[in-house]
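This is input14.txt. It holds compact mmCIF, C-alpha atoms.
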# COMPACT_ATOMS: atom_id res chain seq x y z
CA MET V 1 0.00 0.00 0.00
CA GLU V 2 1.37 3.40 -0.95
CA GLN V 3 2.18 5.58 2.06
CA PRO V 4 0.81 9.16 2.16
CA GLU V 5 3.26 12.00 1.63
CA HIS V 6 3.72 14.32 4.60
CA ARG V 7 5.09 17.78 5.30
CA ALA V 8 6.40 19.01 8.67
CA GLU V 9 6.26 22.61 9.93
CA GLY V 10 7.28 24.29 13.14
CA ALA V 11 9.48 26.77 14.96
CA GLY V 12 13.20 26.07 14.99
CA PRO V 13 13.83 22.42 15.94
CA PHE V 14 10.22 21.93 17.10
CA THR V 15 7.55 20.29 14.93
CA THR V 16 4.12 21.79 15.57
CA ARG V 17 2.21 20.74 12.45
CA LEU V 18 2.28 17.67 10.21
CA THR V 19 0.28 17.43 6.98
CA TRP V 20 -0.34 14.12 5.23
CA HIS V 21 -1.43 14.12 1.55
CA HIS V 22 -3.15 10.86 0.68
CA PRO V 23 -2.70 9.45 -2.85
CA GLU V 24 -6.47 9.03 -3.25
CA GLY V 25 -7.03 12.70 -2.43
CA GLY V 26 -7.59 14.73 0.72
CA THR V 27 -5.27 15.69 3.58
CA VAL V 28 -5.00 15.05 7.30
CA VAL V 29 -3.39 17.70 9.53
CA TRP V 30 -1.98 17.16 13.01
CA GLU V 31 -1.42 20.39 14.96
CA SER V 32 0.13 20.35 18.40
CA ARG V 33 -2.40 22.47 20.30
CA PRO V 34 -5.68 21.08 18.84
CA ALA V 35 -4.37 17.53 19.26
CA ARG V 36 -3.50 17.93 22.94
CA LYS V 37 -6.43 20.19 23.81
CA ARG V 38 -9.17 18.50 21.82
CA GLY V 39 -7.71 15.16 20.79
CA ALA V 40 -8.53 16.05 17.19
CA LEU V 41 -7.06 16.11 13.70
CA SER V 42 -8.08 18.43 10.88
CA ILE V 43 -9.33 16.48 7.87
CA ARG V 44 -9.84 17.90 4.37
CA GLY V 45 -11.75 15.63 2.02
CA PRO V 46 -11.17 15.33 -1.75
CA GLY V 47 -14.02 17.80 -2.25
CA GLY V 48 -12.32 20.45 -0.11
CA THR V 49 -14.54 20.08 2.97
CA VAL V 50 -12.61 20.74 6.21
CA ALA V 51 -13.61 19.23 9.55
CA MET V 52 -11.99 18.94 12.99
CA SER V 53 -12.35 15.26 13.78
CA PRO V 54 -11.73 13.83 17.29
CA THR V 55 -9.64 10.69 16.84
CA ALA V 56 -8.64 9.93 20.44
CA ASP V 57 -10.62 7.33 22.38
CA ALA V 58 -13.46 8.32 24.73
CA GLU V 59 -11.39 7.78 27.89
CA THR V 60 -8.66 10.11 26.62
CA LEU V 61 -11.17 12.77 25.58
CA ASP V 62 -12.73 12.66 29.06
CA ARG V 63 -9.24 13.04 30.55
CA LEU V 64 -8.62 16.10 28.37
CA ARG V 65 -11.93 17.67 29.46
CA ARG V 66 -11.19 17.17 33.15
CA LEU V 67 -7.65 18.55 32.92
CA ASN V 68 -8.86 21.51 30.90
CA SER V 69 -11.58 22.26 33.48
CA VAL V 70 -9.03 22.21 36.32
CA ALA V 71 -6.57 24.43 34.45
CA SER V 72 -9.14 26.97 33.24
CA GLY V 73 -10.89 27.13 36.62
CA ALA V 74 -7.60 27.56 38.48
CA PHE V 75 -6.44 30.41 36.23
CA PHE V 76 -9.83 32.10 36.53
CA LEU V 77 -9.82 31.94 40.34
CA GLY V 78 -6.15 32.89 40.52
CA GLY V 79 -6.78 35.91 38.30
CA VAL V 80 -9.81 37.00 40.32
CA LEU V 81 -7.90 36.73 43.61
CA PHE V 82 -4.89 38.63 42.25
CA ALA V 83 -7.22 41.36 41.01
CA LEU V 84 -8.86 41.47 44.44
CA GLY V 85 -5.48 41.68 46.15
CA ALA V 86 -4.45 44.57 43.90
CA GLY V 87 -7.78 46.27 44.57
CA VAL V 88 -7.26 45.97 48.33
CA ALA V 89 -3.74 47.37 47.97
CA GLN V 90 -4.99 50.32 45.91
CA PHE V 91 -8.30 51.13 47.58
CA GLY V 92 -8.34 49.20 50.86
CA SER V 93 -6.95 49.80 54.32
CA GLY V 94 -3.37 49.77 53.12
CA ASP V 95 -2.47 46.79 55.30
CA PRO V 96 0.17 44.94 53.24
CA VAL V 97 -0.45 41.65 55.09
CA GLU V 98 -4.10 41.64 54.00
CA SER V 99 -3.31 42.02 50.31
CA ALA V 100 -0.37 39.59 50.63
CA ALA V 101 -2.71 36.92 51.99
CA ILE V 102 -5.08 37.38 49.05
CA TYR V 103 -2.19 37.29 46.58
CA CYS V 104 -0.88 34.11 48.21
CA ALA V 105 -4.25 32.39 47.79
CA GLY V 106 -4.32 33.47 44.16
CA GLY V 107 -0.77 32.21 43.70
CA LEU V 108 -1.82 28.73 44.84
CA PHE V 109 -4.46 28.64 42.10
CA PHE V 110 -1.97 29.92 39.51
CA THR V 111 0.43 27.12 40.49
CA LEU V 112 -2.38 24.56 40.23
CA GLY V 113 -3.29 25.93 36.80
CA GLY V 114 0.34 25.78 35.67
CA TYR V 115 0.73 22.18 36.81
CA ALA V 116 -2.61 21.14 35.27
CA SER V 117 -1.44 22.69 31.98
CA LEU V 118 1.75 20.63 32.17
CA LEU V 119 -0.32 17.50 32.86
CA GLN V 120 -2.38 18.28 29.75
CA VAL V 121 0.79 18.06 27.68
CA LEU V 122 2.17 14.94 29.38
CA ASN V 123 -1.11 13.03 29.07
CA ALA V 124 -2.37 14.27 25.72
CA PRO V 125 -2.71 11.88 22.77
CA ARG V 126 0.42 11.75 20.63
CA GLN V 127 1.11 12.13 16.92
CA SER V 128 -0.61 9.65 14.68
CA GLN V 129 1.16 7.53 12.11
CA GLY V 130 0.37 8.52 8.55
CA GLY V 131 -2.65 10.55 9.60
CA GLY V 132 -4.29 7.73 11.52
CA PRO V 133 -5.95 7.93 14.96
CA LEU V 134 -4.06 9.75 17.72
CA ALA V 135 -2.12 7.43 20.00
CA THR V 136 -3.11 7.35 23.67
CA VAL V 137 -0.42 7.41 26.34
CA ALA V 138 -0.45 6.05 29.90
CA TRP V 139 -1.16 8.54 32.69
CA ARG V 140 1.91 10.38 33.99
CA TRP V 141 2.33 12.88 36.83
CA TRP V 142 5.67 14.12 35.53
CA GLY V 143 7.91 13.90 32.49
CA TYR V 144 10.90 15.52 30.81
CA GLU V 145 10.36 16.33 27.12
CA PRO V 146 12.34 19.50 26.29
CA MET V 147 12.17 18.87 22.54
CA ARG V 148 8.39 19.31 22.56
CA LEU V 149 7.40 22.95 22.25
CA ASP V 150 4.13 22.48 24.16
CA TRP V 151 5.99 20.84 27.06
CA LEU V 152 8.60 23.60 27.12
CA SER V 153 5.95 26.33 27.13
CA THR V 154 3.90 24.81 29.96
CA PHE V 155 7.00 23.86 31.98
CA VAL V 156 8.27 27.45 31.84
CA LEU V 157 4.80 28.65 32.85
CA PHE V 158 4.73 26.24 35.81
CA ALA V 159 8.25 27.33 36.82
CA GLY V 160 7.05 30.93 36.71
CA THR V 161 4.21 30.20 39.11
CA LEU V 162 6.69 28.59 41.53
CA VAL V 163 8.99 31.62 41.38
CA PHE V 164 5.97 33.87 42.01
CA GLY V 165 5.34 31.71 45.07
CA VAL V 166 8.73 32.75 46.47
CA ASN V 167 7.81 36.38 45.94
CA LEU V 168 4.40 35.91 47.58
CA LEU V 169 5.76 34.10 50.64
CA ASP V 170 8.58 36.62 51.12
CA SER V 171 6.03 39.45 51.05
CA PHE V 172 4.90 38.34 54.53
CA LEU V 173 8.33 39.13 55.98
CA GLN V 174 8.45 42.22 58.19
CA GLY V 175 11.22 44.72 58.95
CA LEU V 176 13.15 44.19 55.71
CA SER V 177 15.66 46.74 54.50
CA VAL V 178 15.29 48.24 51.03
CA GLN V 179 18.01 45.95 49.69
CA GLN V 180 16.36 42.88 51.23
CA THR V 181 12.96 43.89 49.86
CA ASN V 182 14.33 44.22 46.34
CA ARG V 183 16.27 40.96 46.59
CA LEU V 184 13.68 38.75 48.28
CA ILE V 185 10.41 40.19 46.92
CA TRP V 186 11.06 42.29 43.84
CA THR V 187 13.63 40.04 42.11
CA PRO V 188 11.48 36.84 42.19
CA ASP V 189 8.56 38.93 40.94
CA VAL V 190 10.54 40.09 37.90
CA VAL V 191 11.93 36.60 37.23
CA GLY V 192 8.41 35.16 37.39
CA CYS V 193 7.17 37.77 34.92
CA VAL V 194 10.03 36.98 32.52
CA LEU V 195 9.16 33.27 32.67
CA PHE V 196 5.49 34.05 31.97
CA LEU V 197 6.49 36.14 28.94
CA VAL V 198 8.80 33.41 27.63
CA SER V 199 6.05 30.82 28.08
CA GLY V 200 3.62 33.01 26.16
CA HIS V 201 6.11 33.51 23.33
CA LEU V 202 6.60 29.74 23.06
CA ALA V 203 2.81 29.26 23.05
CA PHE V 204 2.55 31.72 20.13
CA ALA V 205 5.26 29.75 18.30
CA GLU V 206 3.24 26.56 18.81
CA ILE V 207 0.10 28.12 17.32
CA CYS V 208 1.81 30.08 14.54
CA HIS V 209 4.26 27.27 13.56
CA ARG V 210 7.09 29.80 13.44
CA SER V 211 9.38 31.66 15.83
CA TRP V 212 7.52 34.98 15.76
CA PRO V 213 3.90 35.81 16.69
CA CYS V 214 1.06 35.89 14.19
CA ILE V 215 -2.57 37.00 14.19
CA ARG V 216 -5.20 34.26 13.97
CA SER V 217 -8.35 35.96 15.14
CA ARG V 218 -10.54 32.96 14.22
CA SER V 219 -8.60 30.62 16.51
CA LEU V 220 -9.84 30.30 20.10
CA GLY V 221 -6.44 28.98 21.16
CA TRP V 222 -4.78 32.09 19.73
CA TRP V 223 -7.09 34.33 21.78
CA VAL V 224 -6.31 32.37 24.96
CA VAL V 225 -2.58 32.84 24.39
CA ALA V 226 -2.91 36.48 23.31
CA VAL V 227 -5.01 37.51 26.32
CA ASN V 228 -2.69 35.73 28.74
CA GLN V 229 0.39 37.23 27.09
CA PHE V 230 -1.08 40.72 27.41
CA GLY V 231 -1.67 39.95 31.09
CA SER V 232 1.98 38.91 31.40
CA VAL V 233 3.08 42.22 29.87
CA LEU V 234 0.97 44.08 32.42
CA PHE V 235 2.44 41.97 35.22
CA MET V 236 5.94 42.96 34.04
CA VAL V 237 4.98 46.64 33.97
CA SER V 238 3.62 46.24 37.48
CA ALA V 239 6.80 44.52 38.67
CA LEU V 240 9.07 47.23 37.27
CA ALA V 241 6.95 49.90 38.95
CA ALA V 242 7.20 48.03 42.26
CA PHE V 243 10.97 48.46 42.57
CA THR V 244 11.85 50.15 45.87
CA ARG V 245 14.22 53.07 45.32
CA PRO V 246 17.00 53.07 47.91
CA ALA V 247 17.22 56.87 47.99
CA THR V 248 13.56 57.44 48.90
CA GLN V 249 12.63 53.96 50.24
CA SER V 250 9.44 54.17 48.17
CA LEU V 251 8.14 52.35 45.12
CA VAL V 252 8.82 53.73 41.65
CA ASN V 253 5.06 54.10 41.21
CA SER V 254 2.63 52.28 43.49
CA ASP V 255 -0.42 53.19 41.38
CA ILE V 256 1.08 51.62 38.25
CA ALA V 257 2.17 48.59 40.30
CA ASN V 258 -1.34 48.03 41.65
CA TRP V 259 -3.23 48.81 38.46
CA GLY V 260 -0.85 46.72 36.36
CA THR V 261 -1.40 43.74 38.64
CA LEU V 262 -5.16 44.26 38.71
CA CYS V 263 -5.56 44.53 34.93
CA GLY V 264 -3.05 41.75 34.24
CA ALA V 265 -4.88 39.47 36.67
CA LEU V 266 -8.20 40.18 34.95
CA CYS V 267 -6.58 39.16 31.65
CA PHE V 268 -5.65 35.80 33.15
CA ALA V 269 -9.16 35.42 34.55
CA LEU V 270 -10.57 36.10 31.07
CA GLY V 271 -8.04 33.67 29.60
CA GLY V 272 -9.32 31.04 32.03
CA VAL V 273 -12.88 31.62 30.85
CA LEU V 274 -11.86 31.34 27.18
CA GLN V 275 -9.83 28.21 27.89
CA ALA V 276 -12.91 26.54 29.36
CA PHE V 277 -14.33 26.42 25.81
CA GLU V 278 -11.13 25.01 24.28
CA ARG V 279 -11.96 21.40 25.00
CA PRO V 280 -13.02 18.25 23.10

Please express the file's structure as structure tokens.
Amino acid sequence: MEQPEHRAEGAGPFTTRLTWHHPEGGTVVWESRPARKRGALSIRGPGGTVAMSPTADAETLDRLRRLNSVASGAFFLGGVLFALGAGVAQFGSGDPVESAAIYCAGGLFFTLGGYASLLQVLNAPRQSQGGGPLATVAWRWWGYEPMRLDWLSTFVLFAGTLVFGVNLLDSFLQGLSVQQTNRLIWTPDVVGCVLFLVSGHLAFAEICHRSWPCIRSRSLGWWVVAVNQFGSVLFMVSALAAFTRPATQSLVNSDIANWGTLCGALCFALGGVLQAFERP
């Protein structure tokens, strides 16, 4: 039997899309994000009709739905709590411990969302052979797959949530000097923001099948990544504004720091809502 011809696309060394052209006509397309999020391949018939066809088994599709619900719900709650913490810092009593406690609760949900996203990658159906059904893998709680772009993106995101956790826990410390505040609180905040931005860039590369961002306004996955990446930019702006100047022992701009966090957190909450619909 004649094997179908195939074409590989991706960013750098990463393959994010495979297209099989069958001799009898029609094509089958495997794309990284739709396959792991929805367990589906894109099929174009000889007549030109395009359809997204789930090819994973029912058990795997149910697994994808549950993981997606956990991830989207966690990011939504984490975003809402971060926005609430920023609101308390900007408009509340001014007690830093109160807002820190709210941020810490939100950080736990962000970490859960980051880990659930990594589990989605580790336990998603794998590439098919010659455009056939997606292959199901055994359940895993952890794995090391740095040559997969989706794994790298979600791992960096998860690492960012852990670094944010250091920042959030250190914010409970009292009586710190300016240098200690910038080293223990501000520095992890900036590092976490950088990791979020890197993760978002890698997620764009996965969707766009190239190393630079693209615009795909008809793709729900693109909107999820774009909204979250905008939130990461706002988080970075907030972090830079939260630097404590040694000369004055005050923040560069507390209003920008609070508003940047609030608006960035709402972006992640919206991203969580959109992600809830990106399921099988």

Close residues, V:Phe158 itself excluded, 9 Å, only C-alpha atoms, min 2 positions apart in chain, as a PyMOL selection string: chain V and resi 110-118+153-156+160-163+195-196

Counting only C-alpha atoms, what is within 8 Å of V:Val227, bar same-chain residues fewer than 5 positions away, as a list of chain:residue names? V:Cys267, V:Phe268, V:Leu270, V:Gly271

Option closest in space to V:Leu81, from V:Ala276, V:Val233, V:Cys263, V:Arg210 [counting only C-alpha atoms]: V:Cys263

Distance in Å - atom CA of V:Ser99 versus atom CA of V:Leu274: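 We find that atom CA of V:Ser99 and atom CA of V:Leu274 lie 26.9 Å from each other.
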
Which protein, DNA or RNA residues are at most 10 Å from (3.8, 28.6, 21.8) in the file's coordinates when you count only C-alpha atoms, listed as an mmCIF file with C-alpha atoms, keeping the file's coordinate frame?
data_model
loop_
_atom_site.group_PDB
_atom_site.id
_atom_site.type_symbol
_atom_site.label_atom_id
_atom_site.label_comp_id
_atom_site.auth_asym_id
_atom_site.auth_seq_id
_atom_site.Cartn_x
_atom_site.Cartn_y
_atom_site.Cartn_z
ATOM 1 C CA ALA V 11 9.480 26.770 14.960
ATOM 2 C CA THR V 16 4.120 21.790 15.570
ATOM 3 C CA SER V 32 0.130 20.350 18.400
ATOM 4 C CA ARG V 33 -2.400 22.470 20.300
ATOM 5 C CA LEU V 149 7.400 22.950 22.250
ATOM 6 C CA ASP V 150 4.130 22.480 24.160
ATOM 7 C CA TRP V 151 5.990 20.840 27.060
ATOM 8 C CA LEU V 152 8.600 23.600 27.120
ATOM 9 C CA SER V 153 5.950 26.330 27.130
ATOM 10 C CA THR V 154 3.900 24.810 29.960
ATOM 11 C CA VAL V 198 8.800 33.410 27.630
ATOM 12 C CA SER V 199 6.050 30.820 28.080
ATOM 13 C CA GLY V 200 3.620 33.010 26.160
ATOM 14 C CA HIS V 201 6.110 33.510 23.330
ATOM 15 C CA LEU V 202 6.600 29.740 23.060
ATOM 16 C CA ALA V 203 2.810 29.260 23.050
ATOM 17 C CA PHE V 204 2.550 31.720 20.130
ATOM 18 C CA ALA V 205 5.260 29.750 18.300
ATOM 19 C CA GLU V 206 3.240 26.560 18.810
ATOM 20 C CA ILE V 207 0.100 28.120 17.320
ATOM 21 C CA CYS V 208 1.810 30.080 14.540
ATOM 22 C CA HIS V 209 4.260 27.270 13.560
ATOM 23 C CA ARG V 210 7.090 29.800 13.440
ATOM 24 C CA SER V 211 9.380 31.660 15.830
ATOM 25 C CA TRP V 212 7.520 34.980 15.760
ATOM 26 C CA PRO V 213 3.900 35.810 16.690
ATOM 27 C CA TRP V 222 -4.780 32.090 19.730
ATOM 28 C CA VAL V 225 -2.580 32.840 24.390
#

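If you measure from each of V:Ala58, V:Ala257, V:Cys104, V:Cys193 to V:Ala159 using only C-alpha atoms, the closest one turns out to be V:Cys193.
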
Quick one: residues within 7 Å of stretch 181-190 of chain V, only C-alpha atoms counted, chain neighbours fewer than 5 positions away excluded, as a count of residues only? 11

I'd like the interatomic distance between atom CA of V:Leu119 and atom CA of V:Ser69, to a tenth of an Å. 12.2 Å

Go ahead and compute the interatomic distance for atom CA of V:Tyr103 and atom CA of V:Phe235, in Å to one decimal. 13.1 Å

Each side padded by 8 Å, which centre and which edge lengths in Å (one decimal) define the axis-aligned box around the listed atoms of stretch 78-92 of chain V? Give them as AutoDock Vina command-line options.
--center_x -6.8 --center_y 42.0 --center_z 44.6 --size_x 22.1 --size_y 34.2 --size_z 28.6

Nearest to V:Glu145 among V:Val237, V:Ala100, V:Val80, V:Leu122, with distances taken over only C-alpha atoms: which residue is it? V:Leu122

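You can rank V:Val252, V:Phe75, V:Phe172, V:Gly143 by their closest distance to V:Gly272 using only C-alpha atoms, and at the top of that list sits V:Phe75.
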
With distances taken over all atoms listed in the file, which of V:Val194, V:Val97, V:Ile102, V:Ala124 is nearest to V:Gly85?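 Smallest separation from V:Gly85 among the options: V:Ile102.
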
Pick out the closest residue to V:Gly192 from this set: V:Leu168, V:Ile43, V:Val29, V:Ala269. Count only C-alpha atoms. V:Leu168
